[in-house]
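Data block for model_15.pdb (PDB, C-alpha atoms):
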ATOM      1  CA  MET A  28      45.795  13.498 -41.435
ATOM      2  CA  VAL A  29      48.215  11.521 -39.276
ATOM      3  CA  SER A  30      50.922  13.427 -37.430
ATOM      4  CA  GLN A  31      54.154  11.508 -37.467
ATOM      5  CA  MET A  32      57.737  12.047 -36.440
ATOM      6  CA  PRO A  33      60.214  11.942 -39.325
ATOM      7  CA  HIS A  34      62.253   8.774 -39.721
ATOM      8  CA  LEU A  35      66.006   8.768 -39.911
ATOM      9  CA  ILE A  36      66.832   6.555 -42.870
ATOM     10  CA  ARG A  37      70.414   6.041 -43.961
ATOM     11  CA  ALA A  38      71.173   6.754 -47.593
ATOM     12  CA  ASP A  39      72.778   3.320 -47.966
ATOM     13  CA  PRO A  40      70.936   0.912 -45.644
ATOM     14  CA  GLU A  41      72.340  -2.612 -45.549
ATOM     15  CA  PRO A  42      70.285  -4.484 -46.688
ATOM     16  CA  PRO A  43      68.335  -1.833 -48.620
ATOM     17  CA  LEU A  44      64.976  -0.631 -47.297
ATOM     18  CA  GLN A  45      62.062  -2.438 -48.992
ATOM     19  CA  GLY A  46      58.618  -0.927 -49.633
ATOM     20  CA  GLN A  47      55.334  -2.618 -48.766
ATOM     21  CA  PHE A  48      51.659  -1.638 -48.735
ATOM     22  CA  GLY A  49      49.485  -2.248 -45.679
ATOM     23  CA  ALA A  50      45.712  -2.288 -45.198
ATOM     24  CA  LEU A  51      44.206  -0.420 -42.265
ATOM     25  CA  CYS A  52      40.995  -2.463 -42.095
ATOM     26  CA  TYR A  53      38.258  -0.663 -40.188
ATOM     27  CA  LYS A  54      34.528  -0.508 -39.564
ATOM     28  CA  ILE A  55      32.120   1.626 -37.564
ATOM     29  CA  ASP A  56      30.215  -0.598 -35.115
ATOM     30  CA  ARG A  57      27.366   1.092 -33.218
ATOM     31  CA  GLY A  58      29.043   4.450 -33.731
ATOM     32  CA  LYS A  59      32.470   3.261 -32.591
ATOM     33  CA  LEU A  60      35.586   2.808 -34.728
ATOM     34  CA  LYS A  61      37.046  -0.733 -34.768
ATOM     35  CA  PHE A  62      40.198  -2.087 -36.433
ATOM     36  CA  LEU A  63      40.788  -5.608 -37.695
ATOM     37  CA  LEU A  64      44.179  -7.019 -36.740
ATOM     38  CA  ILE A  65      45.598 -10.363 -37.769
ATOM     39  CA  THR A  66      48.392 -12.503 -36.407
ATOM     40  CA  SER A  67      51.654 -12.837 -38.273
ATOM     41  CA  ARG A  68      52.342 -16.315 -39.617
ATOM     42  CA  ARG A  69      55.669 -16.922 -37.957
ATOM     43  CA  THR A  70      55.600 -15.068 -34.608
ATOM     44  CA  GLY A  71      51.865 -14.724 -33.905
ATOM     45  CA  ARG A  72      52.160 -10.965 -33.213
ATOM     46  CA  TRP A  73      49.232  -8.700 -33.998
ATOM     47  CA  VAL A  74      49.758  -6.848 -37.304
ATOM     48  CA  ILE A  75      47.803  -5.335 -40.186
ATOM     49  CA  PRO A  76      47.610  -7.124 -43.556
ATOM     50  CA  LYS A  77      50.571  -6.042 -45.676
ATOM     51  CA  GLY A  78      52.705  -7.183 -48.549
ATOM     52  CA  TRP A  79      54.826  -6.371 -51.547
ATOM     53  CA  PRO A  80      53.565  -4.187 -54.400
ATOM     54  CA  ILE A  81      51.512  -6.162 -56.925
ATOM     55  CA  ALA A  82      52.197  -5.521 -60.615
ATOM     56  CA  GLY A  83      49.282  -3.788 -62.319
ATOM     57  CA  LEU A  84      47.608  -2.698 -59.061
ATOM     58  CA  THR A  85      47.635   0.699 -57.376
ATOM     59  CA  PRO A  86      49.005   0.908 -53.809
ATOM     60  CA  GLY A  87      45.491   0.963 -52.315
ATOM     61  CA  ALA A  88      44.389  -1.973 -54.464
ATOM     62  CA  SER A  89      47.562  -3.893 -53.493
ATOM     63  CA  ALA A  90      46.749  -3.279 -49.812
ATOM     64  CA  ALA A  91      43.168  -4.442 -50.391
ATOM     65  CA  ARG A  92      44.409  -7.636 -52.075
ATOM     66  CA  GLU A  93      46.585  -8.352 -49.024
ATOM     67  CA  ALA A  94      43.553  -7.734 -46.778
ATOM     68  CA  TRP A  95      41.640 -10.349 -48.770
ATOM     69  CA  GLU A  96      44.426 -12.945 -48.837
ATOM     70  CA  GLU A  97      45.470 -12.542 -45.186
ATOM     71  CA  ALA A  98      42.144 -11.689 -43.487
ATOM     72  CA  GLY A  99      39.233 -12.450 -45.827
ATOM     73  CA  VAL A 100      38.273  -8.774 -46.077
ATOM     74  CA  ARG A 101      35.883  -7.504 -48.727
ATOM     75  CA  GLY A 102      35.422  -3.771 -48.744
ATOM     76  CA  LEU A 103      36.361  -0.364 -50.076
ATOM     77  CA  ALA A 104      40.022   0.626 -50.380
ATOM     78  CA  ARG A 105      41.265   4.194 -50.552
ATOM     79  CA  GLU A 106      44.241   5.490 -52.515
ATOM     80  CA  GLN A 107      45.008   7.966 -49.728
ATOM     81  CA  CYS A 108      48.038   6.911 -47.664
ATOM     82  CA  VAL A 109      47.336   7.616 -43.982
ATOM     83  CA  GLY A 110      50.820   6.946 -42.649
ATOM     84  CA  LEU A 111      54.026   4.992 -42.827
ATOM     85  CA  TYR A 112      55.802   2.709 -40.389
ATOM     86  CA  LEU A 113      59.047   0.767 -40.332
ATOM     87  CA  TYR A 114      59.593  -2.821 -39.251
ATOM     88  CA  ALA A 115      62.138  -5.583 -39.692
ATOM     89  CA  LYS A 116      60.886  -8.581 -41.677
ATOM     90  CA  ILE A 117      62.356 -11.713 -40.158
ATOM     91  CA  LEU A 118      63.809 -13.942 -42.861
ATOM     92  CA  ARG A 119      64.490 -17.663 -42.573
ATOM     93  CA  ARG A 120      68.032 -17.115 -43.822
ATOM     94  CA  GLY A 121      70.178 -14.028 -43.543
ATOM     95  CA  PRO A 122      69.698 -10.760 -41.714
ATOM     96  CA  ASP A 123      66.290  -9.193 -41.082
ATOM     97  CA  LEU A 124      64.987  -7.108 -43.982
ATOM     98  CA  PRO A 125      64.124  -3.472 -43.152
ATOM     99  CA  CYS A 126      60.724  -2.522 -44.593
ATOM    100  CA  ALA A 127      58.749   0.715 -44.867
ATOM    101  CA  VAL A 128      54.986   0.100 -44.994
ATOM    102  CA  GLN A 129      52.672   2.689 -46.555
ATOM    103  CA  VAL A 130      49.245   2.303 -44.930
ATOM    104  CA  TYR A 131      45.978   2.591 -46.899
ATOM    105  CA  PRO A 132      42.505   2.513 -45.310
ATOM    106  CA  VAL A 133      40.108  -0.276 -46.257
ATOM    107  CA  LYS A 134      36.520   0.036 -45.020
ATOM    108  CA  VAL A 135      35.412  -3.527 -44.301
ATOM    109  CA  GLU A 136      32.058  -4.400 -45.862
ATOM    110  CA  ALA A 137      32.264  -8.152 -45.180
ATOM    111  CA  LEU A 138      34.556 -10.772 -43.664
ATOM    112  CA  LYS A 139      34.564 -14.044 -45.560
ATOM    113  CA  ALA A 140      34.963 -17.307 -43.669
ATOM    114  CA  ASP A 141      37.087 -18.862 -46.396
ATOM    115  CA  PHE A 142      40.193 -16.996 -47.629
ATOM    116  CA  PRO A 143      43.687 -18.004 -48.785
ATOM    117  CA  GLU A 144      45.565 -17.717 -45.450
ATOM    118  CA  LYS A 145      42.706 -18.806 -43.175
ATOM    119  CA  LYS A 146      44.658 -21.690 -41.630
ATOM    120  CA  GLN A 147      47.759 -19.566 -41.008
ATOM    121  CA  ARG A 148      46.306 -16.569 -39.137
ATOM    122  CA  ARG A 149      43.819 -15.400 -36.538
ATOM    123  CA  ARG A 150      41.837 -12.185 -36.914
ATOM    124  CA  ARG A 151      40.126 -10.010 -34.323
ATOM    125  CA  TRP A 152      38.426  -6.613 -34.004
ATOM    126  CA  PHE A 153      39.881  -4.053 -31.571
ATOM    127  CA  SER A 154      39.105  -0.519 -30.440
ATOM    128  CA  PRO A 155      41.737   2.031 -31.537
ATOM    129  CA  ARG A 156      43.269   2.112 -28.043
ATOM    130  CA  LYS A 157      43.463  -1.683 -27.735
ATOM    131  CA  ALA A 158      44.719  -2.128 -31.311
ATOM    132  CA  ALA A 159      47.494   0.406 -30.681
ATOM    133  CA  ALA A 160      48.485  -1.456 -27.510
ATOM    134  CA  ARG A 161      48.680  -4.812 -29.361
ATOM    135  CA  VAL A 162      51.029  -3.849 -32.222
ATOM    136  CA  ALA A 163      54.806  -3.715 -31.750
ATOM    137  CA  GLU A 164      55.598  -0.784 -34.058
ATOM    138  CA  ALA A 165      55.262   2.666 -32.431
ATOM    139  CA  GLU A 166      54.452   4.375 -35.746
ATOM    140  CA  LEU A 167      51.670   1.865 -36.508
ATOM    141  CA  ALA A 168      50.282   2.356 -32.989
ATOM    142  CA  ARG A 169      50.193   6.112 -33.625
ATOM    143  CA  ILE A 170      48.316   5.581 -36.917
ATOM    144  CA  LEU A 171      45.765   3.370 -35.113
ATOM    145  CA  ARG A 172      45.244   5.944 -32.347
ATOM    146  CA  GLU A 173      44.936   8.948 -34.684
ATOM    147  CA  PHE A 174      43.036   7.584 -37.697
ATOM    148  CA  ASP A 175      39.700   9.306 -38.321
ATOM    149  CA  PRO A 176      37.708   8.039 -41.322
ATOM    150  CA  ARG A 177      35.790  11.350 -41.441
ATOM    151  CA  ALA A 178      39.039  13.076 -42.478
ATOM    152  CA  LEU A 179      39.464  10.938 -45.620
ATOM    153  CA  GLN A 180      39.299  12.778 -48.920
ATOM    154  CA  PRO A 181      36.232  11.998 -51.043
ATOM    155  CA  GLY A 182      36.743   9.795 -54.091
ATOM    156  CA  ASP A 183      39.626   7.474 -54.942
ATOM    157  CA  LEU A 184      37.684   4.373 -53.902
ATOM    158  CA  ASN A 185      38.461   0.898 -55.204
ATOM    159  CA  LEU A 186      36.051  -1.970 -54.640
ATOM    160  CA  THR A 187      38.088  -4.941 -53.497
ATOM    161  CA  ALA A 188      37.953  -8.115 -55.551
TER     162      ALA A 188
END

As structure tokens, the full file:
Amino acid sequence: MVSQMPHLIRADPEPPLQGQFGALCYKIDRGKLKFLLITSRRTGRWVIPKGWPIAGLTPGASAAREAWEEAGVRGLAREQCVGLYLYAKILRRGPDLPCAVQVYPVKVEALKADFPEKKQRRRRWFSPRKAAARVAEAELARILREFDPRALQPGDLNLTA
């Protein structure tokens, strides 16, 4: 679904590459695709909700949980990964942590006003072109530009909590 250049990943990265799951939160508004971006807590950059795998949850359900905690999203998560991007997580102590984020689509059904990280983040809807221009990671920008919800495989839906 998403064309992507291969990544060159060393066999022994220092520190080791960490895996995360991200939520590509989207809606169709008057026939136009929109993406929900949030600000990161520390730097205020525009990002998608993402986080570490959650024990007992599938990757799509983990991404949906992050979308709830970080953006107040209620919706339908897919178990179909639509892309991958790399970024460096800035740590308070020590070197940055290299992370690979697998991205899972979440169709937004509702945005709740009260959610766990409400006071730590801003959220805003963007067109694909504007969303791609706001994020720092080239691979994530490519995913935002190329995503087409009509190309998703049927089934594999999880209702978010």

Output the residue selection produced by the PyMOL selection byres ((chain A and resi 99) around 6) on the file above, formatted as a PDB file with C-alpha atoms, keeping the file's coordinate frame.
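The resulting result_20.pdb:
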ATOM      1  CA  TRP A  95      41.640 -10.349 -48.770  1.00  0.00           C
ATOM      2  CA  ALA A  98      42.144 -11.689 -43.487  1.00  0.00           C
ATOM      3  CA  VAL A 100      38.273  -8.774 -46.077  1.00  0.00           C
ATOM      4  CA  LEU A 138      34.556 -10.772 -43.664  1.00  0.00           C
ATOM      5  CA  LYS A 139      34.564 -14.044 -45.560  1.00  0.00           C
ATOM      6  CA  PHE A 142      40.193 -16.996 -47.629  1.00  0.00           C
TER       7      PHE A 142
END

Taking all atoms of segment 159-167 of chain A that appear in the file, build a box with edges along x, y and z, extend it by 4 Å on every side, and state its centre and edge lengths in Å to one decimal, as AutoDock Vina command-line options.
--center_x 51.5 --center_y -0.2 --center_z -32.0 --size_x 16.1 --size_y 17.2 --size_z 17.0

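Taking atom CA of Pro80 of chain A and atom CA of Leu64 of chain A as the two end points, the separation is 20.2 Å.
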
| task | Quote the spacing between atom CA of Lys61 of chain A and atom CA of Ala158 of chain A in Å to one decimal place. | result | 8.5 Å

| said: Please list as a ChimeraX atom specification every residue within 10 Å of Lys157 of chain A, counting only C-alpha atoms and excluding residues in the same chain fewer than 6 positions away. | reply: /A:61-62,168,171-172

Serialized selection, C-alpha atoms, as a PDB file, keeping the file's coordinate frame:
ATOM      1  CA  LYS A  61      37.046  -0.733 -34.768  1.00  0.00           C
ATOM      2  CA  PHE A  62      40.198  -2.087 -36.433  1.00  0.00           C
ATOM      3  CA  ALA A 168      50.282   2.356 -32.989  1.00  0.00           C
ATOM      4  CA  LEU A 171      45.765   3.370 -35.113  1.00  0.00           C
ATOM      5  CA  ARG A 172      45.244   5.944 -32.347  1.00  0.00           C
TER       6      ARG A 172
END

| For Glu136 of chain A, which of A:Trp73, A:Phe174, A:Tyr112, A:Tyr53 is the closest residue, counting all atoms listed in the file? | A:Tyr53

| message | Taking only C-alpha atoms into account, name the residue in A:Ile170, A:Ala127, A:Ala140, A:Leu113 that is nearest to Glu96 of chain A. | response | A:Ala140

| Could you name the residues that touch Lys77 of chain A at 8 Å or less, counting only C-alpha atoms, but leaving out those on the same chain fewer than 3 positions away, as a PyMOL selection string? | chain A and resi 47-50+90+93-94+128

| query | Could you pull the residues within 12 Å of Ser67 of chain A, counting all atoms listed in the file, minus those fewer than 6 positions along the same chain, as a list in words? | reply | Trp73, Val74, Ile75, Pro76, Lys77, Gly78, Glu97, Ala98, Lys116, Ile117, Glu144, Lys145, Lys146, Gln147, Arg148, Arg149, Arg150, Val162 and Ala163 of chain A

| message | Considering only C-alpha atoms, can you say which of A:Leu51, A:Val130, A:Pro176, A:Arg57 comes closest to Leu111 of chain A? | response | A:Val130

| query | Do you know which residues the PyMOL selection byres ((chain A and resi 102) around 8) returns on this file, as number ranges by chain? | reply | A: 91, 100-101, 103-104, 133-137, 186-187

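The spacing separating atom CA of Glu106 of chain A from atom CA of Arg156 of chain A amounts to 24.7 Å.
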
| Which of A:Arg169, A:Leu179, A:Trp152, A:Gly87 sits closest to Ile55 of chain A [using only C-alpha atoms] | A:Trp152

| task | Find, counting all atoms listed in the file, the residue in A:Gln107, A:Ser154, A:Ser89, A:Gln129 that gets nearest to Pro181 of chain A. | result | A:Gln107

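Using all atoms listed in the file for every distance, the candidate list A:Arg72, A:Ala160, A:Arg119, A:Arg105 yields A:Arg105 as the residue closest to Cys52 of chain A.
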
Grab segment 161-176 of chain A from that structure and dump all heavy atoms to a file, as a PDB file, in the first residue's frame.
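Below you can see selection_13.pdb, which holds the result:
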ATOM      1  N   ARG A 161       4.329  19.062   8.207  1.00  0.00           N
ATOM      2  CA  ARG A 161       4.519  19.396   9.628  1.00  0.00           C
ATOM      3  C   ARG A 161       5.410  18.407  10.379  1.00  0.00           C
ATOM      4  O   ARG A 161       5.985  18.753  11.394  1.00  0.00           O
ATOM      5  CB  ARG A 161       3.174  19.462  10.346  1.00  0.00           C
ATOM      6  CG  ARG A 161       2.205  20.509   9.869  1.00  0.00           C
ATOM      7  CD  ARG A 161       2.665  21.903  10.194  1.00  0.00           C
ATOM      8  NE  ARG A 161       1.702  22.956  10.053  1.00  0.00           N
ATOM      9  CZ  ARG A 161       1.188  23.415   8.919  1.00  0.00           C
ATOM     10  NH1 ARG A 161       1.478  22.847   7.784  1.00  0.00           N
ATOM     11  NH2 ARG A 161       0.341  24.427   8.914  1.00  0.00           N
ATOM     12  N   VAL A 162       5.477  17.145   9.911  1.00  0.00           N
ATOM     13  CA  VAL A 162       6.257  16.145  10.647  1.00  0.00           C
ATOM     14  C   VAL A 162       7.723  16.202  10.221  1.00  0.00           C
ATOM     15  O   VAL A 162       8.041  16.591   9.094  1.00  0.00           O
ATOM     16  CB  VAL A 162       5.687  14.716  10.471  1.00  0.00           C
ATOM     17  CG1 VAL A 162       4.267  14.635  11.033  1.00  0.00           C
ATOM     18  CG2 VAL A 162       5.718  14.259   9.030  1.00  0.00           C
ATOM     19  N   ALA A 163       8.611  15.810  11.120  1.00  0.00           N
ATOM     20  CA  ALA A 163      10.050  15.886  10.858  1.00  0.00           C
ATOM     21  C   ALA A 163      10.588  14.667  10.112  1.00  0.00           C
ATOM     22  O   ALA A 163      11.593  14.781   9.415  1.00  0.00           O
ATOM     23  CB  ALA A 163      10.798  16.057  12.184  1.00  0.00           C
ATOM     24  N   GLU A 164       9.947  13.528  10.251  1.00  0.00           N
ATOM     25  CA  GLU A 164      10.473  12.277   9.699  1.00  0.00           C
ATOM     26  C   GLU A 164      10.004  12.095   8.255  1.00  0.00           C
ATOM     27  O   GLU A 164       8.812  12.049   7.983  1.00  0.00           O
ATOM     28  CB  GLU A 164      10.021  11.084  10.542  1.00  0.00           C
ATOM     29  CG  GLU A 164      10.488  11.145  11.985  1.00  0.00           C
ATOM     30  CD  GLU A 164       9.616  12.022  12.877  1.00  0.00           C
ATOM     31  OE1 GLU A 164       8.540  12.480  12.427  1.00  0.00           O
ATOM     32  OE2 GLU A 164      10.012  12.260  14.024  1.00  0.00           O
ATOM     33  N   ALA A 165      10.961  11.951   7.325  1.00  0.00           N
ATOM     34  CA  ALA A 165      10.643  11.830   5.900  1.00  0.00           C
ATOM     35  C   ALA A 165       9.764  10.619   5.618  1.00  0.00           C
ATOM     36  O   ALA A 165       8.834  10.689   4.804  1.00  0.00           O
ATOM     37  CB  ALA A 165      11.927  11.763   5.078  1.00  0.00           C
ATOM     38  N   GLU A 166      10.027   9.492   6.290  1.00  0.00           N
ATOM     39  CA  GLU A 166       9.234   8.286   6.050  1.00  0.00           C
ATOM     40  C   GLU A 166       7.793   8.469   6.521  1.00  0.00           C
ATOM     41  O   GLU A 166       6.854   8.013   5.873  1.00  0.00           O
ATOM     42  CB  GLU A 166       9.848   7.063   6.743  1.00  0.00           C
ATOM     43  CG  GLU A 166      11.226   6.707   6.234  1.00  0.00           C
ATOM     44  CD  GLU A 166      12.339   7.306   7.100  1.00  0.00           C
ATOM     45  OE1 GLU A 166      12.065   8.219   7.901  1.00  0.00           O
ATOM     46  OE2 GLU A 166      13.485   6.855   6.965  1.00  0.00           O
ATOM     47  N   LEU A 167       7.593   9.151   7.659  1.00  0.00           N
ATOM     48  CA  LEU A 167       6.243   9.426   8.142  1.00  0.00           C
ATOM     49  C   LEU A 167       5.540  10.379   7.184  1.00  0.00           C
ATOM     50  O   LEU A 167       4.354  10.196   6.880  1.00  0.00           O
ATOM     51  CB  LEU A 167       6.270   9.996   9.563  1.00  0.00           C
ATOM     52  CG  LEU A 167       4.912  10.370  10.162  1.00  0.00           C
ATOM     53  CD1 LEU A 167       3.936   9.193  10.135  1.00  0.00           C
ATOM     54  CD2 LEU A 167       5.100  10.907  11.576  1.00  0.00           C
ATOM     55  N   ALA A 168       6.236  11.378   6.677  1.00  0.00           N
ATOM     56  CA  ALA A 168       5.648  12.296   5.701  1.00  0.00           C
ATOM     57  C   ALA A 168       5.184  11.526   4.465  1.00  0.00           C
ATOM     58  O   ALA A 168       4.092  11.786   3.936  1.00  0.00           O
ATOM     59  CB  ALA A 168       6.660  13.376   5.319  1.00  0.00           C
ATOM     60  N   ARG A 169       5.969  10.580   4.015  1.00  0.00           N
ATOM     61  CA  ARG A 169       5.598   9.768   2.851  1.00  0.00           C
ATOM     62  C   ARG A 169       4.334   8.965   3.145  1.00  0.00           C
ATOM     63  O   ARG A 169       3.430   8.888   2.310  1.00  0.00           O
ATOM     64  CB  ARG A 169       6.737   8.837   2.468  1.00  0.00           C
ATOM     65  CG  ARG A 169       6.475   8.048   1.199  1.00  0.00           C
ATOM     66  CD  ARG A 169       7.646   7.186   0.772  1.00  0.00           C
ATOM     67  NE  ARG A 169       8.849   7.986   0.570  1.00  0.00           N
ATOM     68  CZ  ARG A 169       9.944   7.928   1.351  1.00  0.00           C
ATOM     69  NH1 ARG A 169       9.990   7.108   2.379  1.00  0.00           N
ATOM     70  NH2 ARG A 169      10.986   8.674   1.092  1.00  0.00           N
ATOM     71  N   ILE A 170       4.247   8.373   4.333  1.00  0.00           N
ATOM     72  CA  ILE A 170       3.050   7.609   4.718  1.00  0.00           C
ATOM     73  C   ILE A 170       1.825   8.528   4.689  1.00  0.00           C
ATOM     74  O   ILE A 170       0.772   8.166   4.162  1.00  0.00           O
ATOM     75  CB  ILE A 170       3.231   6.959   6.106  1.00  0.00           C
ATOM     76  CG1 ILE A 170       4.306   5.871   6.047  1.00  0.00           C
ATOM     77  CG2 ILE A 170       1.905   6.393   6.623  1.00  0.00           C
ATOM     78  CD1 ILE A 170       4.791   5.401   7.407  1.00  0.00           C
ATOM     79  N   LEU A 171       1.950   9.729   5.234  1.00  0.00           N
ATOM     80  CA  LEU A 171       0.836  10.683   5.266  1.00  0.00           C
ATOM     81  C   LEU A 171       0.414  11.102   3.854  1.00  0.00           C
ATOM     82  O   LEU A 171      -0.779  11.242   3.582  1.00  0.00           O
ATOM     83  CB  LEU A 171       1.225  11.910   6.089  1.00  0.00           C
ATOM     84  CG  LEU A 171       1.349  11.673   7.596  1.00  0.00           C
ATOM     85  CD1 LEU A 171       2.167  12.773   8.250  1.00  0.00           C
ATOM     86  CD2 LEU A 171      -0.016  11.546   8.235  1.00  0.00           C
ATOM     87  N   ARG A 172       1.356  11.280   2.963  1.00  0.00           N
ATOM     88  CA  ARG A 172       1.025  11.678   1.589  1.00  0.00           C
ATOM     89  C   ARG A 172       0.375  10.544   0.800  1.00  0.00           C
ATOM     90  O   ARG A 172      -0.479  10.783  -0.046  1.00  0.00           O
ATOM     91  CB  ARG A 172       2.281  12.143   0.847  1.00  0.00           C
ATOM     92  CG  ARG A 172       2.763  13.519   1.219  1.00  0.00           C
ATOM     93  CD  ARG A 172       3.825  14.018   0.254  1.00  0.00           C
ATOM     94  NE  ARG A 172       4.946  13.104   0.125  1.00  0.00           N
ATOM     95  CZ  ARG A 172       6.046  13.124   0.884  1.00  0.00           C
ATOM     96  NH1 ARG A 172       6.171  14.032   1.834  1.00  0.00           N
ATOM     97  NH2 ARG A 172       7.013  12.253   0.683  1.00  0.00           N
ATOM     98  N   GLU A 173       0.785   9.298   1.051  1.00  0.00           N
ATOM     99  CA  GLU A 173       0.370   8.175   0.218  1.00  0.00           C
ATOM    100  C   GLU A 173      -0.780   7.341   0.778  1.00  0.00           C
ATOM    101  O   GLU A 173      -1.350   6.525   0.054  1.00  0.00           O
ATOM    102  CB  GLU A 173       1.567   7.258  -0.045  1.00  0.00           C
ATOM    103  CG  GLU A 173       2.653   7.931  -0.843  1.00  0.00           C
ATOM    104  CD  GLU A 173       3.848   7.026  -1.101  1.00  0.00           C
ATOM    105  OE1 GLU A 173       3.832   5.853  -0.673  1.00  0.00           O
ATOM    106  OE2 GLU A 173       4.801   7.506  -1.734  1.00  0.00           O
ATOM    107  N   PHE A 174      -1.140   7.519   2.040  1.00  0.00           N
ATOM    108  CA  PHE A 174      -2.180   6.696   2.640  1.00  0.00           C
ATOM    109  C   PHE A 174      -3.516   6.875   1.922  1.00  0.00           C
ATOM    110  O   PHE A 174      -3.950   7.993   1.645  1.00  0.00           O
ATOM    111  CB  PHE A 174      -2.347   7.052   4.120  1.00  0.00           C
ATOM    112  CG  PHE A 174      -3.452   6.297   4.805  1.00  0.00           C
ATOM    113  CD1 PHE A 174      -3.296   4.961   5.133  1.00  0.00           C
ATOM    114  CD2 PHE A 174      -4.648   6.921   5.110  1.00  0.00           C
ATOM    115  CE1 PHE A 174      -4.319   4.257   5.758  1.00  0.00           C
ATOM    116  CE2 PHE A 174      -5.669   6.233   5.741  1.00  0.00           C
ATOM    117  CZ  PHE A 174      -5.502   4.898   6.066  1.00  0.00           C
ATOM    118  N   ASP A 175      -4.171   5.766   1.626  1.00  0.00           N
ATOM    119  CA  ASP A 175      -5.491   5.768   1.010  1.00  0.00           C
ATOM    120  C   ASP A 175      -6.350   4.752   1.760  1.00  0.00           C
ATOM    121  O   ASP A 175      -6.136   3.543   1.628  1.00  0.00           O
ATOM    122  CB  ASP A 175      -5.391   5.392  -0.469  1.00  0.00           C
ATOM    123  CG  ASP A 175      -6.731   5.424  -1.179  1.00  0.00           C
ATOM    124  OD1 ASP A 175      -7.786   5.606  -0.521  1.00  0.00           O
ATOM    125  OD2 ASP A 175      -6.736   5.254  -2.410  1.00  0.00           O
ATOM    126  N   PRO A 176      -7.319   5.210   2.550  1.00  0.00           N
ATOM    127  CA  PRO A 176      -8.123   4.261   3.329  1.00  0.00           C
ATOM    128  C   PRO A 176      -8.904   3.276   2.466  1.00  0.00           C
ATOM    129  O   PRO A 176      -9.248   2.198   2.924  1.00  0.00           O
ATOM    130  CB  PRO A 176      -9.061   5.164   4.142  1.00  0.00           C
ATOM    131  CG  PRO A 176      -9.057   6.477   3.454  1.00  0.00           C
ATOM    132  CD  PRO A 176      -7.737   6.597   2.759  1.00  0.00           C
TER     133      PRO A 176
END
